[in-house]
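Student: Just so it is clear, I am handing over model.txt, which has compact mmCIF, C-alpha atoms (C1' of nucleotides).
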# COMPACT_ATOMS: atom_id res chain seq x y z
CA MET A 372 -136.07 133.88 -99.39
CA THR A 373 -137.86 131.30 -101.44
CA ALA A 374 -140.96 132.25 -103.27
CA ASP A 375 -143.31 130.17 -101.12
CA THR A 376 -142.59 131.86 -97.83
CA SER A 377 -143.85 135.16 -99.10
CA ARG A 378 -147.14 133.72 -100.25
CA PRO A 379 -150.05 132.60 -98.10
CA GLY A 380 -150.83 129.01 -98.88
CA PRO A 381 -149.02 126.79 -101.33
CA ARG A 382 -151.44 124.03 -102.24
CA ALA A 383 -150.63 120.41 -102.72
CA GLU A 384 -150.96 120.68 -106.50
CA GLU A 385 -148.53 123.54 -106.61
CA ALA A 386 -145.94 121.72 -104.63
CA ARG A 387 -144.80 119.83 -107.72
CA PRO A 388 -142.06 121.55 -109.59
CA GLU A 389 -143.83 120.80 -112.87
CA GLY A 390 -146.76 123.00 -111.93
CA TYR A 391 -149.83 120.82 -111.61
CA PRO A 392 -151.09 117.24 -111.76
CA GLU A 393 -150.91 115.29 -114.97
CA PRO A 394 -154.64 114.81 -115.53
CA VAL A 395 -155.20 118.52 -115.23
CA ALA A 396 -152.41 119.22 -117.68
CA ALA A 397 -154.06 116.77 -120.05
CA PHE A 398 -157.33 118.63 -119.82
CA VAL A 399 -155.62 121.97 -120.37
CA GLU A 400 -153.94 120.75 -123.51
CA ARG A 401 -157.08 119.15 -124.83
CA PHE A 402 -159.23 122.19 -124.33
CA ALA A 403 -156.50 124.43 -125.70
CA ALA A 404 -156.47 122.26 -128.79
CA ASP A 405 -160.23 122.71 -129.14
CA LEU A 406 -159.88 126.45 -128.94
CA THR A 407 -156.94 126.51 -131.31
CA GLU A 408 -158.90 124.57 -133.86
CA ALA A 409 -161.59 127.20 -133.58
CA GLY A 410 -159.10 129.88 -134.52
CA MET A 411 -157.59 131.10 -131.27
CA GLN A 412 -153.83 131.59 -131.04
CA ARG A 413 -152.23 128.56 -129.49
CA MET A 414 -150.56 130.21 -126.54
CA ALA A 415 -153.61 132.30 -125.72
CA ALA A 416 -155.69 129.15 -125.80
CA ARG A 417 -153.35 127.38 -123.40
CA VAL A 418 -153.37 130.25 -120.96
CA PHE A 419 -157.13 130.48 -121.09
CA ALA A 420 -157.54 126.76 -120.50
CA CYS A 421 -155.03 126.89 -117.69
CA LEU A 422 -156.93 129.62 -115.91
CA LEU A 423 -160.16 127.70 -116.29
CA ALA A 424 -158.55 124.72 -114.59
CA ALA A 425 -156.91 126.75 -111.84
CA ASP A 426 -158.89 126.37 -108.67
CA GLU A 427 -158.69 130.04 -107.78
CA GLY A 428 -159.53 131.05 -111.32
CA ALA A 429 -156.62 133.44 -111.29
CA LEU A 430 -152.88 133.03 -111.67
CA SER A 431 -149.82 135.20 -111.95
CA SER A 432 -147.61 135.31 -114.99
CA THR A 433 -144.94 133.31 -113.19
CA GLU A 434 -147.38 130.62 -112.17
CA LEU A 435 -148.72 130.34 -115.69
CA ALA A 436 -145.20 130.05 -117.07
CA ALA A 437 -144.44 127.24 -114.63
CA ARG A 438 -147.62 125.30 -115.34
CA LEU A 439 -147.35 125.61 -119.09
CA ARG A 440 -143.57 125.23 -119.17
CA VAL A 441 -143.02 128.28 -121.31
CA SER A 442 -141.08 131.49 -120.90
CA PRO A 443 -142.64 134.48 -119.12
CA ALA A 444 -142.38 136.30 -122.42
CA ALA A 445 -144.79 133.92 -124.10
CA VAL A 446 -147.25 134.32 -121.25
CA SER A 447 -146.99 138.04 -121.48
CA GLY A 448 -148.00 138.11 -125.12
CA ALA A 449 -150.85 135.69 -124.67
CA VAL A 450 -152.22 137.56 -121.71
CA ARG A 451 -152.09 140.85 -123.55
CA TYR A 452 -154.23 139.36 -126.27
CA LEU A 453 -156.71 137.79 -123.88
CA ALA A 454 -157.11 141.02 -121.97
CA GLN A 455 -157.64 142.90 -125.20
CA VAL A 456 -160.57 140.72 -126.15
CA HIS A 457 -161.89 140.82 -122.60
CA LEU A 458 -161.54 137.18 -121.82
CA VAL A 459 -159.37 137.82 -118.78
CA SER A 460 -158.84 140.83 -116.58
CA ARG A 461 -155.64 141.86 -114.90
CA GLU A 462 -155.61 142.66 -111.25
CA ARG A 463 -152.74 143.83 -109.10
CA GLU A 464 -152.23 142.42 -105.68
CA PRO A 465 -151.76 145.41 -103.40
CA GLY A 466 -148.70 144.38 -101.43
CA SER A 467 -146.85 142.86 -104.30
CA ARG A 468 -145.58 143.51 -107.75
CA ARG A 469 -147.44 140.38 -108.71
CA GLU A 470 -150.22 140.80 -111.18
CA ARG A 471 -152.89 138.16 -111.40
CA TYR A 472 -154.84 137.30 -114.47
CA ARG A 473 -158.38 136.34 -113.73
CA LEU A 474 -160.86 134.56 -115.88
CA HIS A 475 -163.74 136.85 -116.51
CA ASP A 476 -166.69 135.64 -114.55
CA ASN A 477 -168.67 135.32 -117.68
CA ALA A 478 -165.92 134.68 -120.13
CA TRP A 479 -168.36 133.22 -122.57
CA TYR A 480 -170.56 136.20 -122.43
CA ALA A 481 -167.58 138.35 -123.32
CA ALA A 482 -166.68 136.02 -126.14
CA MET A 483 -170.18 136.28 -127.54
CA LEU A 484 -170.07 140.04 -127.34
CA ARG A 485 -166.87 140.00 -129.29
CA ARG A 486 -168.54 137.87 -131.89
CA ASP A 487 -171.29 140.41 -131.95
CA THR A 488 -168.86 143.11 -132.94
CA MET A 489 -167.52 140.92 -135.67
CA ILE A 490 -170.99 140.27 -137.00
CA GLY A 491 -171.62 143.99 -137.25
CA ARG A 492 -168.46 144.42 -139.25
CA TRP A 493 -169.47 141.64 -141.60
CA ALA A 494 -172.83 143.27 -142.15
CA ASP A 495 -171.06 146.49 -143.10
CA THR A 496 -168.90 144.58 -145.52
CA MET A 497 -172.04 143.17 -147.13
CA THR A 498 -173.42 146.65 -147.56
CA SER A 499 -170.28 147.73 -149.34
CA GLY A 500 -170.51 144.65 -151.49
CA ILE A 501 -174.04 145.45 -152.55
CA ALA A 502 -172.83 148.85 -153.67
CA ALA A 503 -170.09 147.18 -155.69
CA VAL A 504 -172.23 144.72 -157.62
CA GLY A 505 -175.48 146.66 -157.77
CA GLU A 506 -178.49 145.92 -155.64
CA SER A 507 -180.59 144.54 -158.44
CA THR A 508 -178.12 141.86 -159.48
CA ARG A 509 -178.37 138.32 -158.28
CA ALA A 510 -175.18 138.73 -156.29
CA GLY A 511 -176.58 141.90 -154.78
CA ARG A 512 -179.72 140.17 -153.63
CA ARG A 513 -177.68 137.35 -152.20
CA MET A 514 -175.59 139.81 -150.24
CA ALA A 515 -178.65 141.64 -149.02
CA GLU A 516 -180.03 138.40 -147.71
CA THR A 517 -176.75 137.63 -146.02
CA ALA A 518 -176.73 141.04 -144.39
CA GLU A 519 -180.25 140.45 -143.19
CA PHE A 520 -179.22 137.15 -141.69
CA LEU A 521 -176.31 138.74 -139.90
CA LEU A 522 -178.49 141.40 -138.33
CA PHE A 523 -181.01 138.75 -137.36
CA LEU A 524 -178.22 136.76 -135.80
CA ARG A 525 -176.98 139.67 -133.76
CA THR A 526 -180.40 140.39 -132.36
CA GLU A 527 -180.95 136.75 -131.57
CA LEU A 528 -177.64 136.38 -129.82
CA ASP A 529 -178.44 139.34 -127.61
CA ALA A 530 -181.70 137.73 -126.63
CA LEU A 531 -180.03 134.39 -126.14
CA MET A 532 -177.47 135.80 -123.73
CA GLU A 533 -180.23 137.55 -121.88
CA ARG A 534 -182.03 134.27 -121.41
CA TRP A 535 -178.86 132.65 -120.14
CA ARG A 536 -178.28 135.44 -117.69
CA SER A 537 -181.76 135.20 -116.21
CA ARG A 538 -181.55 131.43 -116.10
CA ARG A 539 -178.31 131.73 -114.18
CA ALA A 540 -179.87 134.19 -111.80
CA GLU A 541 -182.60 131.75 -110.84
CA PRO A 542 -181.91 129.78 -107.69
CA SER A 543 -181.22 126.08 -108.01
CA GLY A 544 -184.81 124.88 -108.55
CA ALA A 545 -185.53 123.29 -111.90
CA PRO A 546 -186.43 126.10 -114.27
CA PRO A 547 -189.47 125.50 -116.55
CA ASP A 548 -188.03 124.57 -119.89
CA GLY A 549 -186.74 127.04 -122.41
CA ALA A 550 -187.17 130.14 -120.26
CA MET B 1334 -156.16 133.17 -170.61
CA THR B 1335 -159.60 134.66 -170.94
CA ALA B 1336 -161.54 131.53 -171.76
CA ASP B 1337 -164.67 133.58 -172.51
CA THR B 1338 -164.87 132.35 -176.07
CA SER B 1339 -165.61 128.84 -174.98
CA ARG B 1340 -168.42 129.82 -172.64
CA PRO B 1341 -171.99 130.79 -173.49
CA GLY B 1342 -172.59 134.26 -172.18
CA PRO B 1343 -169.60 136.34 -171.21
CA ARG B 1344 -170.82 139.31 -169.24
CA ALA B 1345 -169.39 142.78 -169.38
CA GLU B 1346 -167.69 142.31 -166.05
CA GLU B 1347 -165.97 139.18 -167.17
CA ALA B 1348 -164.63 140.76 -170.30
CA ARG B 1349 -161.67 142.21 -168.47
CA PRO B 1350 -158.61 140.03 -168.57
CA GLU B 1351 -158.09 140.61 -164.87
CA GLY B 1352 -161.27 138.76 -164.07
CA TYR B 1353 -163.78 141.22 -162.66
CA PRO B 1354 -164.32 144.89 -161.87
CA GLU B 1355 -162.17 146.63 -159.33
CA PRO B 1356 -164.92 147.45 -156.82
CA VAL B 1357 -165.98 143.84 -156.71
CA ALA B 1358 -162.41 142.74 -156.19
CA ALA B 1359 -162.21 145.21 -153.33
CA PHE B 1360 -165.26 143.69 -151.73
CA VAL B 1361 -163.94 140.19 -152.15
CA GLU B 1362 -160.68 141.07 -150.45
CA ARG B 1363 -162.41 142.91 -147.66
CA PHE B 1364 -164.81 140.14 -146.86
CA ALA B 1365 -162.05 137.57 -147.17
CA ALA B 1366 -160.10 139.56 -144.60
CA ASP B 1367 -163.10 139.50 -142.26
CA LEU B 1368 -163.33 135.75 -142.56
CA THR B 1369 -159.61 135.27 -142.18
CA GLU B 1370 -159.62 137.28 -139.01
CA ALA B 1371 -162.32 134.97 -137.74
CA GLY B 1372 -160.05 132.00 -138.26
CA MET B 1373 -160.70 130.79 -141.79
CA GLN B 1374 -157.76 129.91 -144.03
CA ARG B 1375 -156.89 132.82 -146.27
CA MET B 1376 -157.32 131.17 -149.62
CA ALA B 1377 -160.53 129.46 -148.61
CA ALA B 1378 -161.87 132.79 -147.46
CA ARG B 1379 -161.00 134.43 -150.76
CA VAL B 1380 -162.69 131.70 -152.75
CA PHE B 1381 -165.77 131.85 -150.59
CA ALA B 1382 -166.01 135.62 -150.93
CA CYS B 1383 -165.47 135.37 -154.64
CA LEU B 1384 -168.33 132.93 -155.06
CA LEU B 1385 -170.58 135.15 -153.01
CA ALA B 1386 -169.83 138.04 -155.34
CA ALA B 1387 -170.17 136.00 -158.53
CA ASP B 1388 -173.50 136.74 -160.13
CA GLU B 1389 -174.23 133.11 -160.91
CA GLY B 1390 -173.14 132.04 -157.45
CA ALA B 1391 -170.99 129.35 -159.03
CA LEU B 1392 -167.63 129.36 -160.76
CA SER B 1393 -165.18 126.88 -162.16
CA SER B 1394 -161.71 126.40 -160.81
CA THR B 1395 -160.22 128.21 -163.79
CA GLU B 1396 -162.51 131.19 -163.35
CA LEU B 1397 -161.68 131.42 -159.68
CA ALA B 1398 -157.98 131.29 -160.45
CA ALA B 1399 -158.34 134.13 -162.96
CA ARG B 1400 -160.38 136.33 -160.66
CA LEU B 1401 -158.17 135.81 -157.66
CA ARG B 1402 -154.92 135.81 -159.63
CA VAL B 1403 -153.64 132.62 -158.12
CA SER B 1404 -152.62 129.26 -159.48
CA PRO B 1405 -155.21 126.53 -160.09
CA ALA B 1406 -153.40 124.53 -157.45
CA ALA B 1407 -154.23 127.05 -154.77
CA VAL B 1408 -157.87 127.04 -155.79
CA SER B 1409 -157.94 123.29 -155.71
CA GLY B 1410 -156.81 123.14 -152.09
CA ALA B 1411 -159.16 125.86 -150.95
CA VAL B 1412 -162.14 124.28 -152.65
CA ARG B 1413 -161.38 120.91 -151.16
CA TYR B 1414 -161.52 122.46 -147.70
CA LEU B 1415 -164.70 124.40 -148.38
CA ALA B 1416 -166.44 121.32 -149.70
CA GLN B 1417 -165.33 119.36 -146.68
CA VAL B 1418 -167.00 121.78 -144.29
CA HIS B 1419 -170.04 121.97 -146.54
CA LEU B 1420 -169.76 125.61 -147.45
CA VAL B 1421 -169.69 124.89 -151.17
CA SER B 1422 -170.78 121.96 -153.28
CA ARG B 1423 -169.17 120.69 -156.45
CA GLU B 1424 -171.24 120.08 -159.51
CA ARG B 1425 -170.17 118.79 -162.90
CA GLU B 1426 -171.41 120.40 -166.03
CA PRO B 1427 -172.61 117.55 -168.27
CA GLY B 1428 -171.08 118.52 -171.61
CA SER B 1429 -167.79 119.66 -170.21
CA ARG B 1430 -164.94 118.60 -168.06
CA ARG B 1431 -165.56 121.77 -166.14
CA GLU B 1432 -166.56 121.43 -162.53
CA ARG B 1433 -168.38 124.28 -160.91
CA TYR B 1434 -168.23 125.15 -157.28
CA ARG B 1435 -171.46 126.52 -155.97
CA LEU B 1436 -172.16 128.43 -152.83
CA HIS B 1437 -174.43 126.40 -150.67
CA ASP B 1438 -177.84 127.96 -150.62
CA ASN B 1439 -177.71 128.29 -146.92
CA ALA B 1440 -174.01 128.58 -146.45
CA TRP B 1441 -174.54 130.21 -143.11
CA TYR B 1442 -176.80 127.51 -141.94
CA ALA B 1443 -174.09 125.00 -142.74
CA ALA B 1444 -171.53 127.10 -140.94
CA MET B 1445 -173.70 127.19 -137.84
CA LEU B 1446 -174.18 123.46 -137.93
CA ARG B 1447 -170.47 123.03 -138.04
CA ARG B 1448 -170.16 125.23 -135.01
CA ASP B 1449 -172.74 123.02 -133.37
CA THR B 1450 -170.50 120.03 -133.75
CA MET B 1451 -167.66 121.96 -132.25
CA ILE B 1452 -169.76 122.95 -129.28
CA GLY B 1453 -170.55 119.34 -128.55
CA ARG B 1454 -166.87 118.48 -128.57
CA TRP B 1455 -166.14 121.31 -126.17
CA ALA B 1456 -168.81 120.08 -123.81
CA ASP B 1457 -167.16 116.66 -123.82
CA THR B 1458 -163.85 118.27 -123.04
CA MET B 1459 -165.41 119.99 -120.05
CA THR B 1460 -166.71 116.69 -118.77
CA SER B 1461 -163.23 115.23 -118.94
CA GLY B 1462 -161.93 118.29 -117.15
CA ILE B 1463 -164.37 117.86 -114.31
CA ALA B 1464 -163.10 114.34 -113.87
CA ALA B 1465 -159.54 115.65 -113.73
CA VAL B 1466 -160.01 118.31 -111.08
CA GLY B 1467 -162.86 116.76 -109.11
CA GLU B 1468 -166.45 117.88 -109.29
CA SER B 1469 -166.50 119.44 -105.87
CA THR B 1470 -163.61 121.80 -106.47
CA ARG B 1471 -164.06 125.36 -107.52
CA ALA B 1472 -162.56 124.64 -110.88
CA GLY B 1473 -164.88 121.65 -111.22
CA ARG B 1474 -167.93 123.75 -110.59
CA ARG B 1475 -166.70 126.34 -113.04
CA MET B 1476 -166.31 123.69 -115.70
CA ALA B 1477 -169.72 122.23 -114.95
CA GLU B 1478 -171.25 125.62 -115.46
CA THR B 1479 -169.36 126.05 -118.71
CA ALA B 1480 -170.60 122.69 -119.92
CA GLU B 1481 -174.12 123.68 -119.04
CA PHE B 1482 -173.72 126.89 -120.99
CA LEU B 1483 -172.44 125.01 -124.02
CA LEU B 1484 -175.40 122.67 -124.04
CA PHE B 1485 -177.74 125.60 -123.60
CA LEU B 1486 -176.05 127.30 -126.50
CA ARG B 1487 -176.45 124.32 -128.76
CA THR B 1488 -180.14 124.05 -128.06
CA GLU B 1489 -180.61 127.74 -128.59
CA LEU B 1490 -178.74 127.79 -131.87
CA ASP B 1491 -180.94 125.03 -133.18
CA ALA B 1492 -184.02 127.01 -132.30
CA LEU B 1493 -182.51 130.15 -133.72
CA MET B 1494 -181.86 128.58 -137.09
CA GLU B 1495 -185.35 127.19 -137.09
CA ARG B 1496 -186.73 130.69 -136.61
CA TRP B 1497 -184.60 131.99 -139.45
CA ARG B 1498 -185.78 129.28 -141.74
CA SER B 1499 -189.43 129.93 -141.11
CA ARG B 1500 -188.92 133.65 -141.41
CA ARG B 1501 -187.27 133.15 -144.75
CA ALA B 1502 -190.11 130.99 -145.91
CA GLU B 1503 -192.98 133.25 -145.02
CA PRO B 1504 -192.65 136.92 -146.07
CA SER B 1505 -194.16 138.52 -149.22
CA GLY B 1506 -193.70 136.86 -152.57
CA ALA B 1507 -190.11 137.82 -153.26
CA PRO B 1508 -188.49 134.56 -154.25
CA PRO B 1509 -184.91 134.10 -153.20
CA ASP B 1510 -182.47 134.14 -156.08
CA GLY B 1511 -182.16 130.59 -157.18
CA ALA B 1512 -178.47 130.37 -156.39
C1' DC C 1337 -130.66 154.80 -102.28
C1' DT C 1338 -129.80 150.33 -103.75
C1' DG C 1339 -131.02 145.47 -104.31
C1' DT C 1340 -134.35 142.21 -105.86
C1' DG C 1341 -138.01 139.98 -108.00
C1' DA C 1342 -141.97 140.48 -111.37
C1' DG C 1343 -143.26 141.41 -115.78
C1' DT C 1344 -142.62 143.58 -120.38
C1' DT C 1345 -140.43 144.42 -124.85
C1' DC C 1346 -137.50 143.26 -128.73
C1' DA C 1347 -134.72 140.83 -132.18
C1' DC C 1348 -134.00 136.45 -133.73
C1' DA C 1349 -134.37 131.37 -134.81
C1' DG C 1350 -137.22 127.30 -135.38
C1' DA C 1351 -141.53 125.57 -136.97
C1' DT C 1352 -145.88 125.96 -139.63
C1' DT C 1353 -148.57 127.50 -143.16
C1' DT C 1354 -149.22 129.05 -147.94
C1' DG C 1355 -148.92 129.28 -152.77
C1' DT C 1356 -146.28 127.97 -157.00
C1' DG C 1357 -144.50 125.24 -160.93
C1' DA C 1358 -144.27 120.95 -162.95
C1' DA C 1359 -145.84 116.46 -163.69
C1' DG C 1360 -149.82 113.33 -163.58
C1' DT C 1361 -154.82 111.93 -164.48
C1' DT C 1362 -159.10 111.86 -166.77
C1' DA C 1363 -162.59 112.77 -170.08
C1' DA C 1364 -164.33 115.09 -174.34
C1' DG C 1365 -163.31 115.89 -179.29
C1' DG C 1366 -161.27 115.22 -183.64
C1' DC D 522 -156.11 106.67 -181.02
C1' DC D 523 -154.18 110.84 -180.05
C1' DT D 524 -154.80 115.68 -178.71
C1' DT D 525 -156.49 119.06 -175.70
C1' DA D 526 -158.33 121.09 -171.70
C1' DA D 527 -159.60 120.88 -166.74
C1' DC D 528 -158.38 119.76 -162.67
C1' DT D 529 -155.35 117.45 -159.04
C1' DT D 530 -151.24 116.15 -156.55
C1' DC D 531 -146.55 116.77 -154.96
C1' DA D 532 -142.08 118.80 -153.70
C1' DC D 533 -140.24 122.97 -152.68
C1' DA D 534 -139.60 128.01 -151.70
C1' DA D 535 -141.46 132.10 -149.59
C1' DA D 536 -143.94 134.21 -146.05
C1' DT D 537 -145.93 133.98 -141.31
C1' DC D 538 -146.39 132.67 -136.84
C1' DT D 539 -144.42 131.31 -132.33
C1' DG D 540 -141.62 131.09 -128.43
C1' DT D 541 -137.00 132.15 -126.47
C1' DG D 542 -133.22 134.69 -124.28
C1' DA D 543 -131.51 138.98 -122.99
C1' DA D 544 -131.96 143.65 -121.82
C1' DC D 545 -135.08 146.90 -119.56
C1' DT D 546 -138.63 149.09 -116.34
C1' DC D 547 -140.90 149.43 -112.05
C1' DA D 548 -142.09 149.11 -107.34
C1' DC D 549 -141.36 147.50 -102.89
C1' DA D 550 -137.94 146.06 -99.04
C1' DG D 551 -134.26 147.02 -96.43
Rewrite the structure of this file - the entire thing - as structure tokens.
Tutor:
Amino acid sequence: MTADTSRPGPRAEEARPEGYPEPVAAFVERFAADLTEAGMQRMAARVFACLLAADEGALSSTELAARLRVSPAAVSGAVRYLAQVHLVSREREPGSRRERYRLHDNAWYAAMLRRDTMIGRWADTMTSGIAAVGESTRAGRRMAETAEFLLFLRTELDALMERWRSRRAEPSGAPPDGA
Amino acid sequence: MTADTSRPGPRAEEARPEGYPEPVAAFVERFAADLTEAGMQRMAARVFACLLAADEGALSSTELAARLRVSPAAVSGAVRYLAQVHLVSREREPGSRRERYRLHDNAWYAAMLRRDTMIGRWADTMTSGIAAVGESTRAGRRMAETAEFLLFLRTELDALMERWRSRRAEPSGAPPDGA
DNA sequence: CTGTGAGTTCACAGATTTGTGAAGTTAAGG
DNA sequence: CCTTAACTTCACAAATCTGTGAACTCACAG
């Protein structure tokens, strides 16, 4: 039996052997490039972008491999990484061995949280640095200020995400301004 | 090559042929690792960390090479990158061929600005994506929301940095180290 | 219980990235 | 004018990262 017959509804876009329409592929590659430039592993970036562009917001490993024209192995590695940093979640379809990878609803929120963790680690590093150079040295004061900035940043990012969340919660109507 | 003899005030820490005290080296490597993990080139990260830990907040290429135990060539490349993204500035010492690389006062401010630019580019990418999938599709709506978040983020980061700046300006009389 | 398809893991090969040594460039000093 | 010192640039070698194919595991279908 061919793969399609076992699945509910093959869409027009998926009918092409290549995976999906050209313009969408172009977007995926462009956004993946953006992410890569920002430090994300290339394959992980491509998978993430591909999920964002997938209408259902979730794809199986096989589908991803077809769309991106890479081996299932490559997808596997990328997905493991993305799941680890909470940018996608894995979900099993009950009646099938298929596993679907879904974009986290608030992928960006998760990304910010991750950054949060990083910021905390950096602040710790600063503390250790102050101990190394002495807190009354110029370098020590500089590090102390940096640490202070990092903690400030973390607090602010928390608040920022909170504002976004409440803004999102509001129904369509034009929200005041910054609130 | 110690090079101390040619410079005005060699400090105790700089007396060691290796460059600087062990604990400081440990901090430099640790912080460099943090930055590397976040996507910064390794050598650039090491140079940046080294400048942060240098009491004067500025070092010459030769000094950096000695402290980090790498060739001047490696320093040259790293510094070029750091200057390009405005994390350090080059300054010439008048009476000498020496060029000193100085940590930007508000290195973090510069880093955030850079991120700002990136965010704008991402938002543009989203717009192109919406065009590719159609604005009334699920994927289109998802992208529109992402774009909205990115613009929100940019505005918020501006405001955030503004708050930090005014907070830095106001408290007590403790002047920041002139670095 | 066996076949089949989905996904994972692993060792390896191709492609990038990194850092070095050597040669080149420029300015201060004798 | 010629030497010396401080970088810089370039070609190349070493180290790292990436993606592939092949072998393996698992669960459902018959």
Student: Skip Glu1478 of chain B itself and residues of its chain fewer than 5 positions away, then list as a PyMOL selection string all residues within 10 Å of it, counting only C-alpha atoms (C1' of nucleotides).
Tutor: (chain A and resi 539) or (chain B and resi 1459+1472-1473+1483-1484)
Student: Would you save the residues from that selection as a PDB file, in the frame of the given file, using C-alpha atoms?
Tutor:
ATOM      1  CA  ARG A 539    -178.310 131.730-114.180  1.00  0.00           C
TER       2      ARG A 539
ATOM      3  CA  MET B1459    -165.410 119.990-120.050  1.00  0.00           C
ATOM      4  CA  ALA B1472    -162.560 124.640-110.880  1.00  0.00           C
ATOM      5  CA  GLY B1473    -164.880 121.650-111.220  1.00  0.00           C
ATOM      6  CA  LEU B1483    -172.440 125.010-124.020  1.00  0.00           C
ATOM      7  CA  LEU B1484    -175.400 122.670-124.040  1.00  0.00           C
TER       8      LEU B1484
END
Student: Up to 8 Å from chain C, what residues of chain A turn up? Count all atoms listed in the file and give them as a PyMOL selection string.
Tutor: chain A and resi 432-433+443-444+447+468-469
Student: Compute the chain B side of the contact with chain A at 9 Å, counting all atoms listed in the file, and hand it back as number ranges by chain.
Tutor: B: 1354-1361, 1363-1364, 1367-1368, 1370-1373, 1385-1390, 1441, 1448, 1451, 1454-1455, 1458-1459, 1461-1466, 1470-1473, 1475-1476, 1479, 1482, 1485-1486, 1489-1490, 1493, 1497, 1509-1512
Student: Please dump the current selection as a JSON list (two decimals), in the coordinates of the input; keep C-alpha atoms.
Tutor:
[["chain", "number", "residue", "atom", "x", "y", "z"],
["B", 1354, "PRO", "CA", -164.32, 144.89, -161.87],
["B", 1355, "GLU", "CA", -162.17, 146.63, -159.33],
["B", 1356, "PRO", "CA", -164.92, 147.45, -156.82],
["B", 1357, "VAL", "CA", -165.98, 143.84, -156.71],
["B", 1358, "ALA", "CA", -162.41, 142.74, -156.19],
["B", 1359, "ALA", "CA", -162.21, 145.21, -153.33],
["B", 1360, "PHE", "CA", -165.26, 143.69, -151.73],
["B", 1361, "VAL", "CA", -163.94, 140.19, -152.15],
["B", 1363, "ARG", "CA", -162.41, 142.91, -147.66],
["B", 1364, "PHE", "CA", -164.81, 140.14, -146.86],
["B", 1367, "ASP", "CA", -163.10, 139.50, -142.26],
["B", 1368, "LEU", "CA", -163.33, 135.75, -142.56],
["B", 1370, "GLU", "CA", -159.62, 137.28, -139.01],
["B", 1371, "ALA", "CA", -162.32, 134.97, -137.74],
["B", 1372, "GLY", "CA", -160.05, 132.00, -138.26],
["B", 1373, "MET", "CA", -160.70, 130.79, -141.79],
["B", 1385, "LEU", "CA", -170.58, 135.15, -153.01],
["B", 1386, "ALA", "CA", -169.83, 138.04, -155.34],
["B", 1387, "ALA", "CA", -170.17, 136.00, -158.53],
["B", 1388, "ASP", "CA", -173.50, 136.74, -160.13],
["B", 1389, "GLU", "CA", -174.23, 133.11, -160.91],
["B", 1390, "GLY", "CA", -173.14, 132.04, -157.45],
["B", 1441, "TRP", "CA", -174.54, 130.21, -143.11],
["B", 1448, "ARG", "CA", -170.16, 125.23, -135.01],
["B", 1451, "MET", "CA", -167.66, 121.96, -132.25],
["B", 1454, "ARG", "CA", -166.87, 118.48, -128.57],
["B", 1455, "TRP", "CA", -166.14, 121.31, -126.17],
["B", 1458, "THR", "CA", -163.85, 118.27, -123.04],
["B", 1459, "MET", "CA", -165.41, 119.99, -120.05],
["B", 1461, "SER", "CA", -163.23, 115.23, -118.94],
["B", 1462, "GLY", "CA", -161.93, 118.29, -117.15],
["B", 1463, "ILE", "CA", -164.37, 117.86, -114.31],
["B", 1464, "ALA", "CA", -163.10, 114.34, -113.87],
["B", 1465, "ALA", "CA", -159.54, 115.65, -113.73],
["B", 1466, "VAL", "CA", -160.01, 118.31, -111.08],
["B", 1470, "THR", "CA", -163.61, 121.80, -106.47],
["B", 1471, "ARG", "CA", -164.06, 125.36, -107.52],
["B", 1472, "ALA", "CA", -162.56, 124.64, -110.88],
["B", 1473, "GLY", "CA", -164.88, 121.65, -111.22],
["B", 1475, "ARG", "CA", -166.70, 126.34, -113.04],
["B", 1476, "MET", "CA", -166.31, 123.69, -115.70],
["B", 1479, "THR", "CA", -169.36, 126.05, -118.71],
["B", 1482, "PHE", "CA", -173.72, 126.89, -120.99],
["B", 1485, "PHE", "CA", -177.74, 125.60, -123.60],
["B", 1486, "LEU", "CA", -176.05, 127.30, -126.50],
["B", 1489, "GLU", "CA", -180.61, 127.74, -128.59],
["B", 1490, "LEU", "CA", -178.74, 127.79, -131.87],
["B", 1493, "LEU", "CA", -182.51, 130.15, -133.72],
["B", 1497, "TRP", "CA", -184.60, 131.99, -139.45],
["B", 1509, "PRO", "CA", -184.91, 134.10, -153.20],
["B", 1510, "ASP", "CA", -182.47, 134.14, -156.08],
["B", 1511, "GLY", "CA", -182.16, 130.59, -157.18],
["B", 1512, "ALA", "CA", -178.47, 130.37, -156.39]]
Student: Atom C1' of DA536 of chain D and atom CA of Leu1397 of chain B, how far apart in Å?
Tutor: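 According to the coordinates, atom CA of Leu1397 of chain B and atom C1' of DA536 of chain D are separated by 22.5 Å.
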Student: What is the distance between atom CA of Leu1401 of chain B and atom CA of Met1376 of chain B, in Å to one decimal?
Tutor: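 According to the coordinates, atom CA of Leu1401 of chain B and atom CA of Met1376 of chain B are separated by 9.3 Å.
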Student: Given a cut-off of 9 Å, which residues of chain D touch chain A, counting only C-alpha atoms (C1' of nucleotides), written out as JSON, numbers by chain?
Tutor: {"D": [539, 540, 541, 547, 548, 549]}
Student: Tell me, in Å to one decimal, how far atom CA of Ala1377 of chain B is from atom CA of Ala1411 of chain B.
Tutor: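 Between these atoms lies a distance of 4.5 Å.
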